[in-house]
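structure_19.pdb (PDB, C-alpha atoms and all ligand atoms)
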ATOM      1  CA  MET A 214      29.584 -23.519  33.859  1.00  0.00           C
ATOM      2  CA  ASN A 215      26.881 -26.127  34.203  1.00  0.00           C
ATOM      3  CA  GLU A 216      24.400 -24.793  36.728  1.00  0.00           C
ATOM      4  CA  ALA A 217      20.910 -26.224  36.836  1.00  0.00           C
ATOM      5  CA  LYS A 218      18.556 -23.588  35.516  1.00  0.00           C
ATOM      6  CA  ARG A 219      14.990 -23.226  34.300  1.00  0.00           C
ATOM      7  CA  LEU A 220      13.826 -21.081  31.388  1.00  0.00           C
ATOM      8  CA  ILE A 221      11.692 -18.190  32.616  1.00  0.00           C
ATOM      9  CA  ILE A 222      11.458 -15.806  29.623  1.00  0.00           C
ATOM     10  CA  SER A 223      12.203 -16.907  26.061  1.00  0.00           C
ATOM     11  CA  ARG A 224      13.957 -14.851  23.383  1.00  0.00           C
ATOM     12  CA  ASP A 225      10.697 -14.429  21.491  1.00  0.00           C
ATOM     13  CA  ASP A 226       8.827 -13.239  24.566  1.00  0.00           C
ATOM     14  CA  ILE A 227      11.599 -10.765  25.395  1.00  0.00           C
ATOM     15  CA  ALA A 228      11.651  -9.428  21.823  1.00  0.00           C
ATOM     16  CA  ARG A 229       7.864  -9.053  21.715  1.00  0.00           C
ATOM     17  CA  ARG A 230       7.732  -7.251  25.064  1.00  0.00           C
ATOM     18  CA  VAL A 231      10.656  -4.971  24.173  1.00  0.00           C
ATOM     19  CA  ARG A 232       8.776  -3.945  21.019  1.00  0.00           C
ATOM     20  CA  GLU A 233       5.652  -3.212  23.073  1.00  0.00           C
ATOM     21  CA  LEU A 234       7.570  -1.137  25.615  1.00  0.00           C
ATOM     22  CA  ALA A 235       9.321   0.755  22.831  1.00  0.00           C
ATOM     23  CA  ALA A 236       5.990   1.475  21.146  1.00  0.00           C
ATOM     24  CA  GLN A 237       4.609   2.908  24.382  1.00  0.00           C
ATOM     25  CA  ILE A 238       7.729   5.000  25.046  1.00  0.00           C
ATOM     26  CA  SER A 239       7.726   6.223  21.431  1.00  0.00           C
ATOM     27  CA  LYS A 240       4.148   7.375  21.840  1.00  0.00           C
ATOM     28  CA  ASP A 241       4.805   9.085  25.193  1.00  0.00           C
ATOM     29  CA  TYR A 242       8.157  10.734  24.371  1.00  0.00           C
ATOM     30  CA  ARG A 243       8.278  11.389  20.640  1.00  0.00           C
ATOM     31  CA  ALA A 244       8.252  15.178  21.037  1.00  0.00           C
ATOM     32  CA  LYS A 245      10.211  15.283  24.292  1.00  0.00           C
ATOM     33  CA  ASP A 246      13.786  14.533  23.253  1.00  0.00           C
ATOM     34  CA  PRO A 247      14.416  12.205  26.245  1.00  0.00           C
ATOM     35  CA  ILE A 248      17.714  10.865  27.549  1.00  0.00           C
ATOM     36  CA  LEU A 249      17.753   7.168  28.362  1.00  0.00           C
ATOM     37  CA  VAL A 250      20.065   6.297  31.248  1.00  0.00           C
ATOM     38  CA  GLY A 251      21.130   2.659  31.438  1.00  0.00           C
ATOM     39  CA  ILE A 252      22.432   1.136  34.652  1.00  0.00           C
ATOM     40  CA  LEU A 253      25.582  -0.867  34.003  1.00  0.00           C
ATOM     41  CA  LYS A 254      26.285  -3.499  33.692  1.00  0.00           C
ATOM     42  CA  GLY A 255      23.025  -5.421  33.721  1.00  0.00           C
ATOM     43  CA  ALA A 256      20.920  -3.108  31.529  1.00  0.00           C
ATOM     44  CA  PHE A 257      23.240  -2.896  28.542  1.00  0.00           C
ATOM     45  CA  ILE A 258      21.509  -5.598  26.482  1.00  0.00           C
ATOM     46  CA  PHE A 259      17.982  -4.433  27.280  1.00  0.00           C
ATOM     47  CA  LEU A 260      18.862  -0.804  26.547  1.00  0.00           C
ATOM     48  CA  ALA A 261      20.505  -1.748  23.252  1.00  0.00           C
ATOM     49  CA  ASP A 262      17.438  -3.681  22.119  1.00  0.00           C
ATOM     50  CA  LEU A 263      14.990  -1.058  23.399  1.00  0.00           C
ATOM     51  CA  VAL A 264      16.538   1.961  21.650  1.00  0.00           C
ATOM     52  CA  ARG A 265      16.592   0.146  18.326  1.00  0.00           C
ATOM     53  CA  GLU A 266      12.830  -0.390  18.555  1.00  0.00           C
ATOM     54  CA  LEU A 267      12.014   3.267  19.267  1.00  0.00           C
ATOM     55  CA  ASP A 268      10.663   5.172  16.295  1.00  0.00           C
ATOM     56  CA  PHE A 269      12.797   8.272  16.954  1.00  0.00           C
ATOM     57  CA  PRO A 270      16.464   8.784  17.845  1.00  0.00           C
ATOM     58  CA  VAL A 271      17.396   9.252  21.507  1.00  0.00           C
ATOM     59  CA  GLU A 272      20.403  10.294  23.490  1.00  0.00           C
ATOM     60  CA  ILE A 273      21.760   7.659  25.857  1.00  0.00           C
ATOM     61  CA  ASP A 274      24.093   7.684  28.818  1.00  0.00           C
ATOM     62  CA  PHE A 275      25.120   5.161  31.444  1.00  0.00           C
ATOM     63  CA  VAL A 276      25.740   5.026  35.142  1.00  0.00           C
ATOM     64  CA  ARG A 277      27.386   2.199  36.991  1.00  0.00           C
ATOM     65  CA  LEU A 278      26.040   1.257  40.383  1.00  0.00           C
ATOM     66  CA  ARG A 279      27.163  -1.593  42.545  1.00  0.00           C
ATOM     67  CA  SER A 280      25.599  -3.117  45.590  1.00  0.00           C
ATOM     68  CA  TYR A 281      26.074  -6.810  44.959  1.00  0.00           C
ATOM     69  CA  GLY A 282      29.373  -8.534  45.596  1.00  0.00           C
ATOM     70  CA  PRO A 283      30.253 -11.885  44.109  1.00  0.00           C
ATOM     71  CA  GLY A 284      27.235 -13.569  45.733  1.00  0.00           C
ATOM     72  CA  THR A 285      23.479 -13.333  45.378  1.00  0.00           C
ATOM     73  CA  THR A 286      22.625 -10.910  48.173  1.00  0.00           C
ATOM     74  CA  SER A 287      22.661  -7.123  47.978  1.00  0.00           C
ATOM     75  CA  SER A 288      24.751  -5.406  50.604  1.00  0.00           C
ATOM     76  CA  GLY A 289      22.374  -2.424  50.567  1.00  0.00           C
ATOM     77  CA  ASP A 290      25.438  -0.217  50.339  1.00  0.00           C
ATOM     78  CA  VAL A 291      24.904   1.253  46.862  1.00  0.00           C
ATOM     79  CA  ARG A 292      27.820   3.083  45.277  1.00  0.00           C
ATOM     80  CA  ILE A 293      28.201   4.968  42.014  1.00  0.00           C
ATOM     81  CA  THR A 294      31.354   3.881  40.272  1.00  0.00           C
ATOM     82  CA  LYS A 295      30.570   5.740  37.023  1.00  0.00           C
ATOM     83  CA  ASP A 296      28.358   8.818  36.904  1.00  0.00           C
ATOM     84  CA  LEU A 297      26.477  10.496  34.054  1.00  0.00           C
ATOM     85  CA  GLU A 298      28.471  12.316  31.404  1.00  0.00           C
ATOM     86  CA  VAL A 299      25.551  14.227  29.860  1.00  0.00           C
ATOM     87  CA  PRO A 300      23.788  17.018  31.790  1.00  0.00           C
ATOM     88  CA  ILE A 301      20.167  16.138  32.521  1.00  0.00           C
ATOM     89  CA  LYS A 302      18.942  19.458  33.944  1.00  0.00           C
ATOM     90  CA  ASP A 303      15.632  20.361  32.266  1.00  0.00           C
ATOM     91  CA  ARG A 304      15.628  17.120  30.251  1.00  0.00           C
ATOM     92  CA  HIS A 305      13.180  14.238  30.289  1.00  0.00           C
ATOM     93  CA  VAL A 306      15.011  11.222  31.684  1.00  0.00           C
ATOM     94  CA  ILE A 307      14.092   7.549  31.502  1.00  0.00           C
ATOM     95  CA  ILE A 308      16.146   5.212  33.674  1.00  0.00           C
ATOM     96  CA  VAL A 309      16.532   1.827  31.996  1.00  0.00           C
ATOM     97  CA  GLU A 310      17.097  -1.075  34.365  1.00  0.00           C
ATOM     98  CA  ASP A 311      17.261  -4.804  33.786  1.00  0.00           C
ATOM     99  CA  ILE A 312      15.764  -5.873  37.103  1.00  0.00           C
ATOM    100  CA  VAL A 313      14.357  -4.197  40.176  1.00  0.00           C
ATOM    101  CA  ASP A 314      14.792  -6.613  43.034  1.00  0.00           C
ATOM    102  CA  ILE A 315      15.262  -5.271  46.559  1.00  0.00           C
ATOM    103  CA  GLY A 316      14.934  -1.759  45.174  1.00  0.00           C
ATOM    104  CA  TYR A 317      17.995  -0.147  46.768  1.00  0.00           C
ATOM    105  CA  THR A 318      19.745   0.490  43.441  1.00  0.00           C
ATOM    106  CA  LEU A 319      16.875   2.317  41.798  1.00  0.00           C
ATOM    107  CA  HIS A 320      15.925   4.223  44.936  1.00  0.00           C
ATOM    108  CA  TYR A 321      19.469   5.514  45.244  1.00  0.00           C
ATOM    109  CA  LEU A 322      19.716   6.459  41.583  1.00  0.00           C
ATOM    110  CA  ARG A 323      16.377   8.287  41.563  1.00  0.00           C
ATOM    111  CA  GLU A 324      17.527  10.409  44.501  1.00  0.00           C
ATOM    112  CA  HIS A 325      20.886  11.032  42.857  1.00  0.00           C
ATOM    113  CA  LEU A 326      19.436  12.080  39.485  1.00  0.00           C
ATOM    114  CA  SER A 327      16.668  14.187  41.051  1.00  0.00           C
ATOM    115  CA  LEU A 328      19.348  16.460  42.526  1.00  0.00           C
ATOM    116  CA  GLN A 329      20.204  17.490  38.960  1.00  0.00           C
ATOM    117  CA  HIS A 330      16.648  18.755  38.329  1.00  0.00           C
ATOM    118  CA  PRO A 331      15.488  16.813  35.288  1.00  0.00           C
ATOM    119  CA  LEU A 332      12.138  17.921  33.834  1.00  0.00           C
ATOM    120  CA  SER A 333      10.820  14.432  34.475  1.00  0.00           C
ATOM    121  CA  LEU A 334      12.249  11.156  35.714  1.00  0.00           C
ATOM    122  CA  LYS A 335      10.679   7.817  34.849  1.00  0.00           C
ATOM    123  CA  VAL A 336      11.766   4.206  34.988  1.00  0.00           C
ATOM    124  CA  CYS A 337      11.624   1.421  32.441  1.00  0.00           C
ATOM    125  CA  CYS A 338      12.622  -1.990  33.771  1.00  0.00           C
ATOM    126  CA  LEU A 339      12.534  -5.322  32.037  1.00  0.00           C
ATOM    127  CA  ILE A 340      11.790  -7.329  35.177  1.00  0.00           C
ATOM    128  CA  ASP A 341       9.980  -6.286  38.325  1.00  0.00           C
ATOM    129  CA  LYS A 342      10.820  -8.988  40.852  1.00  0.00           C
ATOM    130  CA  LYS A 343       8.782  -8.534  43.971  1.00  0.00           C
ATOM    131  CA  GLU A 344       9.862 -11.228  46.403  1.00  0.00           C
ATOM    132  CA  ARG A 345      12.592  -9.276  48.213  1.00  0.00           C
ATOM    133  CA  ARG A 346      11.418  -5.665  47.647  1.00  0.00           C
ATOM    134  CA  ALA A 347      12.390  -3.550  50.658  1.00  0.00           C
ATOM    135  CA  VAL A 348      11.983  -0.054  49.193  1.00  0.00           C
ATOM    136  CA  ASN A 349       8.912   1.183  47.372  1.00  0.00           C
ATOM    137  CA  VAL A 350      10.115   2.555  44.019  1.00  0.00           C
ATOM    138  CA  PRO A 351       7.716   3.739  41.286  1.00  0.00           C
ATOM    139  CA  LEU A 352       8.081   1.798  38.020  1.00  0.00           C
ATOM    140  CA  ASP A 353       6.563   3.389  34.925  1.00  0.00           C
ATOM    141  CA  TYR A 354       7.239   0.812  32.205  1.00  0.00           C
ATOM    142  CA  VAL A 355       7.580  -2.842  33.216  1.00  0.00           C
ATOM    143  CA  GLY A 356       8.388  -5.718  30.894  1.00  0.00           C
ATOM    144  CA  PHE A 357       7.642  -8.690  33.116  1.00  0.00           C
ATOM    145  CA  THR A 358       6.583  -9.190  36.717  1.00  0.00           C
ATOM    146  CA  ILE A 359       8.193 -12.191  38.363  1.00  0.00           C
ATOM    147  CA  GLU A 360       7.492 -13.222  41.928  1.00  0.00           C
ATOM    148  CA  LYS A 361      10.736 -14.899  42.925  1.00  0.00           C
ATOM    149  CA  GLY A 362      13.908 -16.747  42.041  1.00  0.00           C
ATOM    150  CA  PHE A 363      17.484 -15.788  41.249  1.00  0.00           C
ATOM    151  CA  LEU A 364      17.468 -14.797  37.598  1.00  0.00           C
ATOM    152  CA  VAL A 365      20.309 -14.828  35.075  1.00  0.00           C
ATOM    153  CA  GLY A 366      20.725 -14.084  31.385  1.00  0.00           C
ATOM    154  CA  TYR A 367      19.877 -11.156  29.077  1.00  0.00           C
ATOM    155  CA  GLY A 368      22.235  -8.937  31.090  1.00  0.00           C
ATOM    156  CA  LEU A 369      21.658 -10.506  34.500  1.00  0.00           C
ATOM    157  CA  ASP A 370      24.639 -12.242  36.024  1.00  0.00           C
ATOM    158  CA  CYS A 371      25.647 -14.505  38.843  1.00  0.00           C
ATOM    159  CA  GLY A 372      29.157 -13.585  39.917  1.00  0.00           C
ATOM    160  CA  GLU A 373      29.766 -12.136  36.410  1.00  0.00           C
ATOM    161  CA  LYS A 374      28.730 -15.405  34.730  1.00  0.00           C
ATOM    162  CA  LEU A 375      25.691 -16.170  32.534  1.00  0.00           C
ATOM    163  CA  ARG A 376      25.078 -12.517  31.600  1.00  0.00           C
ATOM    164  CA  THR A 377      25.202 -13.142  27.862  1.00  0.00           C
ATOM    165  CA  LEU A 378      22.529 -15.825  27.668  1.00  0.00           C
ATOM    166  CA  PRO A 379      19.853 -14.557  25.262  1.00  0.00           C
ATOM    167  CA  GLU A 380      16.997 -15.759  27.469  1.00  0.00           C
ATOM    168  CA  VAL A 381      16.207 -15.267  31.174  1.00  0.00           C
ATOM    169  CA  TYR A 382      16.591 -18.288  33.442  1.00  0.00           C
ATOM    170  CA  GLU A 383      16.084 -19.034  37.109  1.00  0.00           C
ATOM    171  CA  LEU A 384      19.086 -20.607  38.764  1.00  0.00           C
ATOM    172  CA  LEU A 385      18.131 -23.769  40.609  1.00  0.00           C
ATOM    173  CA  ASP A 386      20.010 -25.037  43.683  1.00  0.00           C
TER     174      ASP A 386
HETATM  175  C1  LIG B 401      21.822  -5.790  39.763  1.00  0.00           C
HETATM  176  C2  LIG B 401      20.804  -5.498  38.680  1.00  0.00           C
HETATM  177  C3  LIG B 401      20.178  -4.212  39.114  1.00  0.00           C
HETATM  178  C4  LIG B 401      20.319  -4.247  40.610  1.00  0.00           C
HETATM  179  C5  LIG B 401      19.006  -4.501  41.276  1.00  0.00           C
HETATM  180  O1  LIG B 401      22.992  -5.098  39.470  1.00  0.00           O
HETATM  181  O2  LIG B 401      21.421  -5.392  37.436  1.00  0.00           O
HETATM  182  O3  LIG B 401      20.887  -3.093  38.615  1.00  0.00           O
HETATM  183  O4  LIG B 401      21.245  -5.284  40.939  1.00  0.00           O
HETATM  184  O5  LIG B 401      19.245  -4.474  42.637  1.00  0.00           O
HETATM  185  P1  LIG B 401      18.258  -4.138  43.799  1.00  0.00           P
HETATM  186  O6  LIG B 401      18.189  -5.419  44.596  1.00  0.00           O
HETATM  187  O7  LIG B 401      18.923  -3.025  44.546  1.00  0.00           O
HETATM  188  O8  LIG B 401      16.897  -3.774  43.260  1.00  0.00           O
HETATM  189  P2  LIG B 401      24.376  -5.426  40.215  1.00  0.00           P
HETATM  190  O9  LIG B 401      24.563  -4.510  41.398  1.00  0.00           O
HETATM  191  O10 LIG B 401      24.458  -6.893  40.493  1.00  0.00           O
HETATM  192  O11 LIG B 401      25.441  -5.015  39.126  1.00  0.00           O
HETATM  193  P3  LIG B 401      25.498  -5.475  37.595  1.00  0.00           P
HETATM  194  O12 LIG B 401      24.359  -4.771  36.889  1.00  0.00           O
HETATM  195  O13 LIG B 401      26.829  -5.003  37.146  1.00  0.00           O
HETATM  196  O14 LIG B 401      25.347  -6.975  37.529  1.00  0.00           O
END
Target encoding structure tokens, full file:
Amino acid sequence: MNEAKRLIISRDDIARRVRELAAQISKDYRAKDPILVGILKGAFIFLADLVRELDFPVEIDFVRLRSYGPGTTSSGDVRITKDLEVPIKDRHVIIVEDIVDIGYTLHYLREHLSLQHPLSLKVCCLIDKKERRAVNVPLDYVGFTIEKGFLVGYGLDCGEKLRTLPEVYELLD
């Protein structure tokens, strides 16, 4: 694949910001025994890096949500194709997301997890991309705020390609 792309966030900048987020989460949750819930597939790299920077062990689980087809536009029709396997009732939960774009995915998941009565429910996302936001979702820990562009790398894909790039790029036309 040889798409034109522009570097947006370098490996060093990602690593530094992940350490900062982990330090803040460590401070806020050390005594709370939280569960971190990663949204597959995009968040798997961010979650893996984040948990290894925390200064205490955490439980993790994953959900799989899909709203994007092979293209670059969300259908808005969010579906869970893999649900939690660990009960979260009366637990502190942190959703870990790679990117919040339109907001449908996170909005849906927050509603879904709230039904299970966690003690608290917060969100940590690597990238808050505001250009296309259609739903107002609260974000508690944010790595980077980016105004626009279709982003790939560090978990983010385009039609299942480019997900494993270690940096974040904007795809150019
Ligand atoms: C992408 C991304 C976020 C979500 C953001 O996932 O990883 O999870 O979309 O969407 P939003 O526009 O609703 O805020 P996608 O559905 O493409 O699946 P993937 O993680 O498997 O790539």
Quiz item: Contacts of Ile222 in chain A at 9 Å or less, counting all atoms listed in the file, minus same-chain residues fewer than 2 places along, as a PyMOL selection string?
Solution: chain A and resi 220+224-227+357+380-382
Exercise. Within 9 Å of ligand LIG 401 (chain B), which residues show up when you count all atoms listed in the file? List them as a ChimeraX atom specification, please.
Key: /A:252-257,277-289,291,310-321,341-342,345-348,368-373,376
Exercise. Would you work out the distance separating CA of Arg304 in chain A from CA of Phe259 in chain A, expressed in Å to one decimal?
Key: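 It comes out at 21.9 Å.
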Exercise. Give the answer as one residue: which of A:Leu384, A:Leu378, A:Leu263, A:Cys337 has the shortest atom-to-atom distance to Leu364 in chain A, using all atoms listed in the file?
Key: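 Going through A:Leu384, A:Leu378, A:Leu263, A:Cys337 one by one, the smallest distance to Leu364 in chain A is for A:Leu384.
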Self-check item: Between CA of Lys361 in chain A and CA of Asn349 in chain A, distance in Å (one decimal)
Solution: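 Distance reported for this atom pair: 16.8 Å.
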Exercise. Evaluate the PyMOL selection byres (((chain A and resi 250) around 9) and not hetatm) on the structure here and hand back the selected residues as a PyMOL selection string.
Key: chain A and resi 248-249+251-252+260+272-276+297+306-310
Exercise. Counting only C-alpha atoms, write as a list of chain:residue names all protein and nucleic acid residues lying at most 12 Å from (9.0, -6.1, 21.8) in the file's frame.
Key: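 It turns out the residues near that spot are A:Arg224, A:Asp225, A:Asp226, A:Ile227, A:Ala228, A:Arg229, A:Arg230, A:Val231, A:Arg232, A:Glu233, A:Leu234, A:Ala235, A:Ala236, A:Gln237, A:Ile238, A:Phe259, A:Asp262, A:Leu263, A:Val264, A:Arg265, A:Glu266, A:Leu267, A:Leu339, A:Val355, A:Gly356, A:Phe357.
At a cut-off of 10 Å from (24.1, -25.8, 37.2), the residue set is Met214, Asn215, Glu216, Ala217, Lys218, Arg219, Leu384, Leu385 and Asp386 of chain A (counting all atoms listed in the file).
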Self-check item: Atomic distance CA of Glu324 in chain A - CA of Tyr242 in chain A, expressed in Å with one decimal
Solution: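 A separation of 22.2 Å between them.
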Self-check item: Nearest candidate to Ile258 in chain A (options A:Asp296, A:Thr377, A:Glu383, A:Arg323; using only C-alpha atoms)
Solution: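 Of A:Asp296, A:Thr377, A:Glu383, A:Arg323, the one nearest Ile258 in chain A, counting only C-alpha atoms, is A:Thr377.
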List the residues matched by the PyMOL selection byres (((chain A and resi 269) around 8) and not hetatm) in the displayed structure as a compact mmCIF listing (two decimals) with C-alpha atoms, keeping the file's coordinate frame, ordered by chain and then by residue number.
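Contents of the output file expr_33.txt:
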# COMPACT_ATOMS: atom_id res chain seq x y z
CA SER A 239 7.73 6.22 21.43
CA ARG A 243 8.28 11.39 20.64
CA LEU A 267 12.01 3.27 19.27
CA ASP A 268 10.66 5.17 16.30
CA PRO A 270 16.46 8.78 17.84
CA VAL A 271 17.40 9.25 21.51
Practice problem: Return the single residue from A:Ile359, A:Leu375, A:Ala261, A:Ile301 that is closest to Leu334 in chain A, with distances computed using all atoms listed in the file. | Solution: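 Selected residue with least distance to Leu334 in chain A: A:Ile301.
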